[in-house]
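The block underneath contains the structure these notes are about, expressed in structure tokens.
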Amino acid sequence: SAITSSLFYLPYIRKFHLITSCSKILEIGCGEGGNLKPFANIGCQVFGVDMAQIRIEQARQFFSEEKLKGHFESGDFLEYPTPSEDDKFDIAILHDVIEHVPDKIAFLSHIRKFLKEDGILFVAFPAWQMPFGGHQQICRNKTWSKVPYFHLLPLYRFILNRLAGEEEAMVSELISIKKTKCSIERFEKVVKATGLSVCNRQLWLINPHYQQKFGLRPRKLCWGISYIPFFRNFCSTSCFYLLKLG
């Protein structure tokens, strides 16, 4: 994730927002901290929050090994109090998180309280209808984990239980993702409802992260398809958004 962040996330944000060594960066759902590494490399103050304590421990170890400064905490971001104006952030990052959040309006509304007046929020997520939008690649059944689009079928739970033979814990996790699914249209309605506005949107036919993961060259979704509602979801393996206040 550090390489993808360096090659794609940071440059994308930098096109629309100044990033300096004085910039304060917040990532919600930071995992092992890889996305924050390129920002820390240029001297930014980086802060990471994640629900999983083990991920925070990994992030602290990773930054320690890289000899980088970063602050990491485990907790439910929705329970964090609104910071003072001096403690607010220039940039917030929400990467592959929004599709797991049940109340998206409440979540984005809370994030905006952490941004400076001219701050910006970078959001990236896979459209629900894309080939692996159900995250079925995490299935233990290696055959079904490679089957695209089957998360869209009406008998999804039956397939997971009976045909793929997944354990109930895995089935519950995948069904929960289906309940919190996020299409492009749904996300943009949430953005509008929270009073945020879109600075830029970039849809990807081949997710930039697939370059490191699968050796595939990243490809943007063509301009025409990007503006066809519903259909574009089937082709967008990653959706980049830059959001600002107002």
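Residue numbering restarts at 1 in every chain; chains get A, B, ... in the order shown in the structure tokens, and ligands count up from 1 in that same order.
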Inset, instruction - Using DSSP on the backbone, list every residue of range 192-229 of chain A that comes out as alpha helix (DSSP H), and give them as an MDAnalysis selection string. - result: chainID A and resid 192:193 210:214 223:226
Worksheet item: Could you pull the residues within 9 Å of range 125-133 of chain A, counting only C-alpha atoms, minus those fewer than 5 positions along the same chain, as a ChimeraX atom specification?
Response: /A:94-99,145-152,178,181-184,207,230-241
Restricted to N, CA and C atoms, what would the selected residues look like written as a tab-separated table (two decimals), in the first residue's frame?
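Dumped everything to result_4.tsv:
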chain	number	residue	atom	x	y	z
A	94	LEU	N	-9.61	8.18	3.50
A	94	LEU	CA	-10.56	7.10	3.77
A	94	LEU	C	-10.45	6.11	2.61
A	95	HIS	N	-9.59	5.13	2.79
A	95	HIS	CA	-9.28	4.20	1.69
A	95	HIS	C	-9.87	2.82	1.96
A	96	ASP	N	-10.75	2.36	1.08
A	96	ASP	CA	-11.39	1.05	1.20
A	96	ASP	C	-12.02	0.85	2.58
A	97	VAL	N	-12.74	1.88	3.02
A	97	VAL	CA	-13.40	1.85	4.33
A	97	VAL	C	-14.90	2.12	4.21
A	98	ILE	N	-15.27	3.11	3.40
A	98	ILE	CA	-16.66	3.57	3.37
A	98	ILE	C	-17.63	2.45	3.01
A	99	GLU	N	-17.19	1.47	2.22
A	99	GLU	CA	-18.07	0.37	1.82
A	99	GLU	C	-18.39	-0.57	2.98
A	145	SER	N	-13.45	-17.91	-4.73
A	145	SER	CA	-12.80	-16.61	-4.49
A	145	SER	C	-12.38	-15.94	-5.78
A	146	LYS	N	-12.33	-16.72	-6.87
A	146	LYS	CA	-11.90	-16.19	-8.17
A	146	LYS	C	-13.08	-15.96	-9.13
A	147	VAL	N	-14.31	-16.18	-8.64
A	147	VAL	CA	-15.49	-16.04	-9.50
A	147	VAL	C	-16.02	-14.61	-9.41
A	148	PRO	N	-15.96	-13.84	-10.52
A	148	PRO	CA	-16.45	-12.45	-10.47
A	148	PRO	C	-17.97	-12.37	-10.46
A	149	TYR	N	-18.46	-11.31	-9.86
A	149	TYR	CA	-19.87	-10.92	-9.89
A	149	TYR	C	-20.83	-11.84	-9.14
A	150	PHE	N	-20.39	-12.95	-8.55
A	150	PHE	CA	-21.38	-13.83	-7.94
A	150	PHE	C	-22.00	-13.23	-6.68
A	151	HIS	N	-21.39	-12.17	-6.14
A	151	HIS	CA	-21.97	-11.49	-4.99
A	151	HIS	C	-23.26	-10.75	-5.35
A	152	LEU	N	-23.52	-10.59	-6.65
A	152	LEU	CA	-24.72	-9.89	-7.10
A	152	LEU	C	-25.93	-10.83	-7.24
A	178	LYS	N	-22.37	-6.87	2.01
A	178	LYS	CA	-23.49	-6.69	1.08
A	178	LYS	C	-24.50	-5.68	1.64
A	181	LYS	N	-23.07	-2.13	1.23
A	181	LYS	CA	-22.54	-1.91	-0.12
A	181	LYS	C	-22.60	-0.44	-0.54
A	182	CYS	N	-21.69	-0.07	-1.42
A	182	CYS	CA	-21.60	1.33	-1.84
A	182	CYS	C	-21.42	1.43	-3.35
A	183	SER	N	-22.43	1.92	-4.02
A	183	SER	CA	-22.33	2.21	-5.44
A	183	SER	C	-21.91	3.66	-5.61
A	184	ILE	N	-21.55	4.03	-6.81
A	184	ILE	CA	-21.16	5.42	-7.10
A	184	ILE	C	-22.33	6.35	-6.82
A	207	ASN	N	-7.78	-0.97	-10.96
A	207	ASN	CA	-7.36	-0.35	-9.71
A	207	ASN	C	-5.84	-0.17	-9.68
A	230	PHE	N	-25.27	3.65	-13.10
A	230	PHE	CA	-25.45	2.23	-12.87
A	230	PHE	C	-24.43	1.39	-13.64
A	231	PHE	N	-24.37	1.50	-14.96
A	231	PHE	CA	-23.46	0.67	-15.76
A	231	PHE	C	-22.01	0.88	-15.35
A	232	ARG	N	-21.64	2.11	-15.02
A	232	ARG	CA	-20.24	2.42	-14.67
A	232	ARG	C	-19.78	1.64	-13.43
A	233	ASN	N	-20.74	1.28	-12.57
A	233	ASN	CA	-20.38	0.52	-11.37
A	233	ASN	C	-19.79	-0.85	-11.69
A	234	PHE	N	-20.24	-1.46	-12.77
A	234	PHE	CA	-19.77	-2.79	-13.15
A	234	PHE	C	-18.33	-2.75	-13.65
A	235	CYS	N	-17.84	-1.57	-13.99
A	235	CYS	CA	-16.50	-1.42	-14.59
A	235	CYS	C	-15.51	-0.72	-13.68
A	236	SER	N	-15.96	-0.20	-12.56
A	236	SER	CA	-15.10	0.63	-11.70
A	236	SER	C	-14.53	-0.18	-10.53
A	237	THR	N	-13.31	-0.65	-10.69
A	237	THR	CA	-12.69	-1.43	-9.62
A	237	THR	C	-12.22	-0.55	-8.47
A	238	SER	N	-12.07	0.73	-8.72
A	238	SER	CA	-11.78	1.69	-7.66
A	238	SER	C	-12.31	3.06	-8.06
A	239	CYS	N	-12.85	3.76	-7.07
A	239	CYS	CA	-13.42	5.10	-7.31
A	239	CYS	C	-12.69	6.09	-6.41
A	240	PHE	N	-11.96	7.03	-7.01
A	240	PHE	CA	-11.25	8.06	-6.27
A	240	PHE	C	-12.11	9.32	-6.20
A	241	TYR	N	-12.23	9.88	-5.01
A	241	TYR	CA	-12.94	11.15	-4.83
A	241	TYR	C	-12.12	12.08	-3.96
Determine, counting only C-alpha atoms, which protein, DNA and RNA residues have an atom within 10 Å of an atom of Ser6 in chain A; residues of the same chain fewer than 6 positions away are not included. Present the result as a PyMOL selection string.
chain A and resi 12+34-39+41
Those same residues - all heavy atoms - I'd like them written as a PDB file, in the first residue's frame.
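Contents of result.pdb, freshly written:
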ATOM      1  N   TYR A  12      -2.282  12.338  -6.671  1.00  0.00           N
ATOM      2  CA  TYR A  12      -3.657  12.707  -6.996  1.00  0.00           C
ATOM      3  C   TYR A  12      -4.136  13.825  -6.080  1.00  0.00           C
ATOM      4  O   TYR A  12      -4.717  14.828  -6.539  1.00  0.00           O
ATOM      5  CB  TYR A  12      -4.560  11.482  -6.855  1.00  0.00           C
ATOM      6  CG  TYR A  12      -6.023  11.749  -7.115  1.00  0.00           C
ATOM      7  CD1 TYR A  12      -6.479  12.144  -8.374  1.00  0.00           C
ATOM      8  CD2 TYR A  12      -6.964  11.592  -6.100  1.00  0.00           C
ATOM      9  CE1 TYR A  12      -7.827  12.376  -8.610  1.00  0.00           C
ATOM     10  CE2 TYR A  12      -8.303  11.816  -6.334  1.00  0.00           C
ATOM     11  CZ  TYR A  12      -8.739  12.216  -7.591  1.00  0.00           C
ATOM     12  OH  TYR A  12     -10.076  12.445  -7.808  1.00  0.00           O
ATOM     13  N   GLY A  34       0.658   1.818   5.785  1.00  0.00           N
ATOM     14  CA  GLY A  34       1.345   1.970   4.509  1.00  0.00           C
ATOM     15  C   GLY A  34       0.944   3.203   3.725  1.00  0.00           C
ATOM     16  O   GLY A  34       1.801   3.875   3.131  1.00  0.00           O
ATOM     17  N   ASN A  35      -0.346   3.528   3.721  1.00  0.00           N
ATOM     18  CA  ASN A  35      -0.805   4.699   2.964  1.00  0.00           C
ATOM     19  C   ASN A  35      -0.211   6.000   3.487  1.00  0.00           C
ATOM     20  O   ASN A  35      -0.060   6.972   2.733  1.00  0.00           O
ATOM     21  CB  ASN A  35      -2.333   4.799   3.012  1.00  0.00           C
ATOM     22  CG  ASN A  35      -3.016   3.729   2.190  1.00  0.00           C
ATOM     23  OD1 ASN A  35      -2.446   3.212   1.236  1.00  0.00           O
ATOM     24  ND2 ASN A  35      -4.238   3.388   2.557  1.00  0.00           N
ATOM     25  N   LEU A  36       0.134   6.020   4.764  1.00  0.00           N
ATOM     26  CA  LEU A  36       0.646   7.250   5.375  1.00  0.00           C
ATOM     27  C   LEU A  36       2.158   7.427   5.201  1.00  0.00           C
ATOM     28  O   LEU A  36       2.683   8.527   5.384  1.00  0.00           O
ATOM     29  CB  LEU A  36       0.299   7.278   6.868  1.00  0.00           C
ATOM     30  CG  LEU A  36      -1.180   7.489   7.208  1.00  0.00           C
ATOM     31  CD1 LEU A  36      -1.419   7.277   8.701  1.00  0.00           C
ATOM     32  CD2 LEU A  36      -1.643   8.882   6.789  1.00  0.00           C
ATOM     33  N   LYS A  37       2.837   6.360   4.846  1.00  0.00           N
ATOM     34  CA  LYS A  37       4.303   6.413   4.746  1.00  0.00           C
ATOM     35  C   LYS A  37       4.803   7.499   3.788  1.00  0.00           C
ATOM     36  O   LYS A  37       5.711   8.266   4.151  1.00  0.00           O
ATOM     37  CB  LYS A  37       4.857   5.055   4.323  1.00  0.00           C
ATOM     38  CG  LYS A  37       6.381   5.008   4.233  1.00  0.00           C
ATOM     39  CD  LYS A  37       6.882   3.632   3.847  1.00  0.00           C
ATOM     40  CE  LYS A  37       8.410   3.579   3.806  1.00  0.00           C
ATOM     41  NZ  LYS A  37       8.985   4.348   2.698  1.00  0.00           N
ATOM     42  N   PRO A  38       4.261   7.631   2.553  1.00  0.00           N
ATOM     43  CA  PRO A  38       4.768   8.669   1.647  1.00  0.00           C
ATOM     44  C   PRO A  38       4.595  10.082   2.200  1.00  0.00           C
ATOM     45  O   PRO A  38       5.425  10.956   1.933  1.00  0.00           O
ATOM     46  CB  PRO A  38       3.924   8.478   0.378  1.00  0.00           C
ATOM     47  CG  PRO A  38       3.441   7.079   0.452  1.00  0.00           C
ATOM     48  CD  PRO A  38       3.225   6.814   1.901  1.00  0.00           C
ATOM     49  N   PHE A  39       3.542  10.283   2.981  1.00  0.00           N
ATOM     50  CA  PHE A  39       3.315  11.608   3.581  1.00  0.00           C
ATOM     51  C   PHE A  39       4.322  11.854   4.700  1.00  0.00           C
ATOM     52  O   PHE A  39       4.850  12.959   4.846  1.00  0.00           O
ATOM     53  CB  PHE A  39       1.878  11.699   4.111  1.00  0.00           C
ATOM     54  CG  PHE A  39       0.828  11.607   3.046  1.00  0.00           C
ATOM     55  CD1 PHE A  39       0.303  10.371   2.672  1.00  0.00           C
ATOM     56  CD2 PHE A  39       0.368  12.747   2.399  1.00  0.00           C
ATOM     57  CE1 PHE A  39      -0.667  10.276   1.677  1.00  0.00           C
ATOM     58  CE2 PHE A  39      -0.598  12.660   1.396  1.00  0.00           C
ATOM     59  CZ  PHE A  39      -1.110  11.420   1.036  1.00  0.00           C
ATOM     60  N   ASN A  41       7.217  10.558   4.812  1.00  0.00           N
ATOM     61  CA  ASN A  41       8.532  10.694   4.162  1.00  0.00           C
ATOM     62  C   ASN A  41       8.870  12.141   3.830  1.00  0.00           C
ATOM     63  O   ASN A  41      10.050  12.514   3.784  1.00  0.00           O
ATOM     64  CB  ASN A  41       8.578   9.858   2.881  1.00  0.00           C
ATOM     65  CG  ASN A  41       8.822   8.381   3.138  1.00  0.00           C
ATOM     66  OD1 ASN A  41       9.351   8.004   4.183  1.00  0.00           O
ATOM     67  ND2 ASN A  41       8.439   7.543   2.193  1.00  0.00           N
TER      68      ASN A  41
END
*Counting only C-alpha atoms, what is within 8 Å of Lys69 in chain A, bar same-chain residues fewer than 2 positions away, as a list in words?*
Ala40, Gln45, Val46, Phe63, Ser64, Lys67 and His71 of chain A
Atoms to include: C-alpha atoms. Write the selected residues as a PDB file, in the first residue's frame.
ATOM      1  CA  ALA A  40       5.577  10.950   6.553  1.00  0.00           C
ATOM      2  CA  GLN A  45       2.437  15.055  10.626  1.00  0.00           C
ATOM      3  CA  VAL A  46       0.534  11.803  10.201  1.00  0.00           C
ATOM      4  CA  PHE A  63       7.014   3.259  11.237  1.00  0.00           C
ATOM      5  CA  SER A  64       9.615   2.416  13.867  1.00  0.00           C
ATOM      6  CA  LYS A  67      12.491   5.476  11.275  1.00  0.00           C
ATOM      7  CA  HIS A  71       0.850   8.747  15.766  1.00  0.00           C
TER       8      HIS A  71
END
_For the structure I just gave you, how does DSSP split range 116-184 of chain A - specifically, which residues are strand (DSSP E)? Reply as an NGL selection string._
:A and (116-125)
May I have the selected residues written with N, CA, C and O atoms, as a compact mmCIF listing (two decimals), in the first residue's frame?
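Output contents, as saved in again.txt:
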# COMPACT_ATOMS: atom_id res chain seq x y z
N LYS A 116 -9.88 21.17 8.39
CA LYS A 116 -9.77 22.62 8.38
C LYS A 116 -10.72 23.18 7.33
O LYS A 116 -11.21 22.45 6.47
N GLU A 117 -10.96 24.47 7.39
CA GLU A 117 -11.92 25.09 6.47
C GLU A 117 -11.55 24.83 5.00
O GLU A 117 -12.42 24.66 4.16
N ASP A 118 -10.26 24.81 4.72
CA ASP A 118 -9.81 24.53 3.34
C ASP A 118 -9.28 23.11 3.20
O ASP A 118 -8.58 22.79 2.24
N GLY A 119 -9.64 22.25 4.15
CA GLY A 119 -9.17 20.87 4.12
C GLY A 119 -9.83 20.05 3.04
O GLY A 119 -10.82 20.47 2.41
N ILE A 120 -9.29 18.85 2.81
CA ILE A 120 -9.79 18.01 1.73
C ILE A 120 -9.83 16.55 2.22
O ILE A 120 -9.01 16.13 3.04
N LEU A 121 -10.81 15.82 1.74
CA LEU A 121 -10.97 14.41 2.10
C LEU A 121 -10.81 13.55 0.86
O LEU A 121 -11.50 13.74 -0.15
N PHE A 122 -9.87 12.61 0.93
CA PHE A 122 -9.66 11.65 -0.15
C PHE A 122 -10.36 10.35 0.21
O PHE A 122 -10.09 9.76 1.26
N VAL A 123 -11.27 9.92 -0.67
CA VAL A 123 -12.00 8.67 -0.45
C VAL A 123 -11.77 7.76 -1.65
O VAL A 123 -11.85 8.20 -2.80
N ALA A 124 -11.48 6.50 -1.38
CA ALA A 124 -11.34 5.50 -2.44
C ALA A 124 -12.12 4.26 -2.02
O ALA A 124 -12.03 3.83 -0.86
N PHE A 125 -12.88 3.70 -2.94
CA PHE A 125 -13.65 2.49 -2.64
C PHE A 125 -13.97 1.74 -3.93
O PHE A 125 -14.02 2.34 -5.00
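Nearest residue to Glu167 in chain A, choosing from A:Cys139, A:Leu108, A:Glu73, A:Phe187 and counting only C-alpha atoms: A:Cys139.
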| said: Between CA of Gly70 in chain A and CA of Gly48 in chain A, what is the distance in Å, rounded to a tenth? | reply: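 CA of Gly70 in chain A sits 7.7 Å away from CA of Gly48 in chain A.
Counting only C-alpha atoms, the residue from A:Leu68, A:Leu18, A:Ile28, A:Ile13 that sits nearest to Phe114 in chain A is A:Ile28.
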Need to verify the contact set: Ile111 in chain A, 12 Å, only C-alpha atoms, exclusion of same-chain residues closer than 2 positions in sequence. Can you return it as a PyMOL selection string? chain A and resi 26-28+77-83+88-94+98+104-109+113-116+119-123+191+194-196+243-245
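Taking only C-alpha atoms, the non-local environment of Cys44 in chain A within 6 Å (same-chain residues fewer than 5 positions away omitted) comprises Ser21, Cys22, Ser23, Lys24 and Phe39 of chain A.
If you look at CA of His209 in chain A and CA of Gln58 in chain A, they are 20.3 Å away from each other.
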CA of Ile56 in chain A sits from CA of Cys30 in chain A at a separation of 8.0 Å
| task | Return the single residue from A:Leu163, A:Ile206, A:Ala59, A:Val171 that is closest to Gln136 in chain A, with distances computed using only C-alpha atoms. | result |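 Ranking A:Leu163, A:Ile206, A:Ala59, A:Val171 by distance to Gln136 in chain A, first place goes to A:Val171.
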Problem set entry | Which residue of A:Lys142, A:Ile25, A:Ser176, A:Ser5 approaches Arg157 in chain A most closely, using only C-alpha atoms |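 Smallest distance to Arg157 in chain A is found for A:Ser176.
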> With only C-alpha atoms as the basis for distance, which of A:Lys192, A:Glu185, A:Lys213, A:Thr143 is at the shortest distance from Tyr227 in chain A?
Replying inline: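 That would be A:Glu185, the residue with the smallest distance to Tyr227 in chain A.
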- Task: Return the single residue from A:Val190, A:Glu85, A:Gly134, A:Gly165 that is closest to Leu153 in chain A, with distances computed using only C-alpha atoms.
- Result: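 Answer, going by the shortest atom-to-atom distance: A:Gly134.
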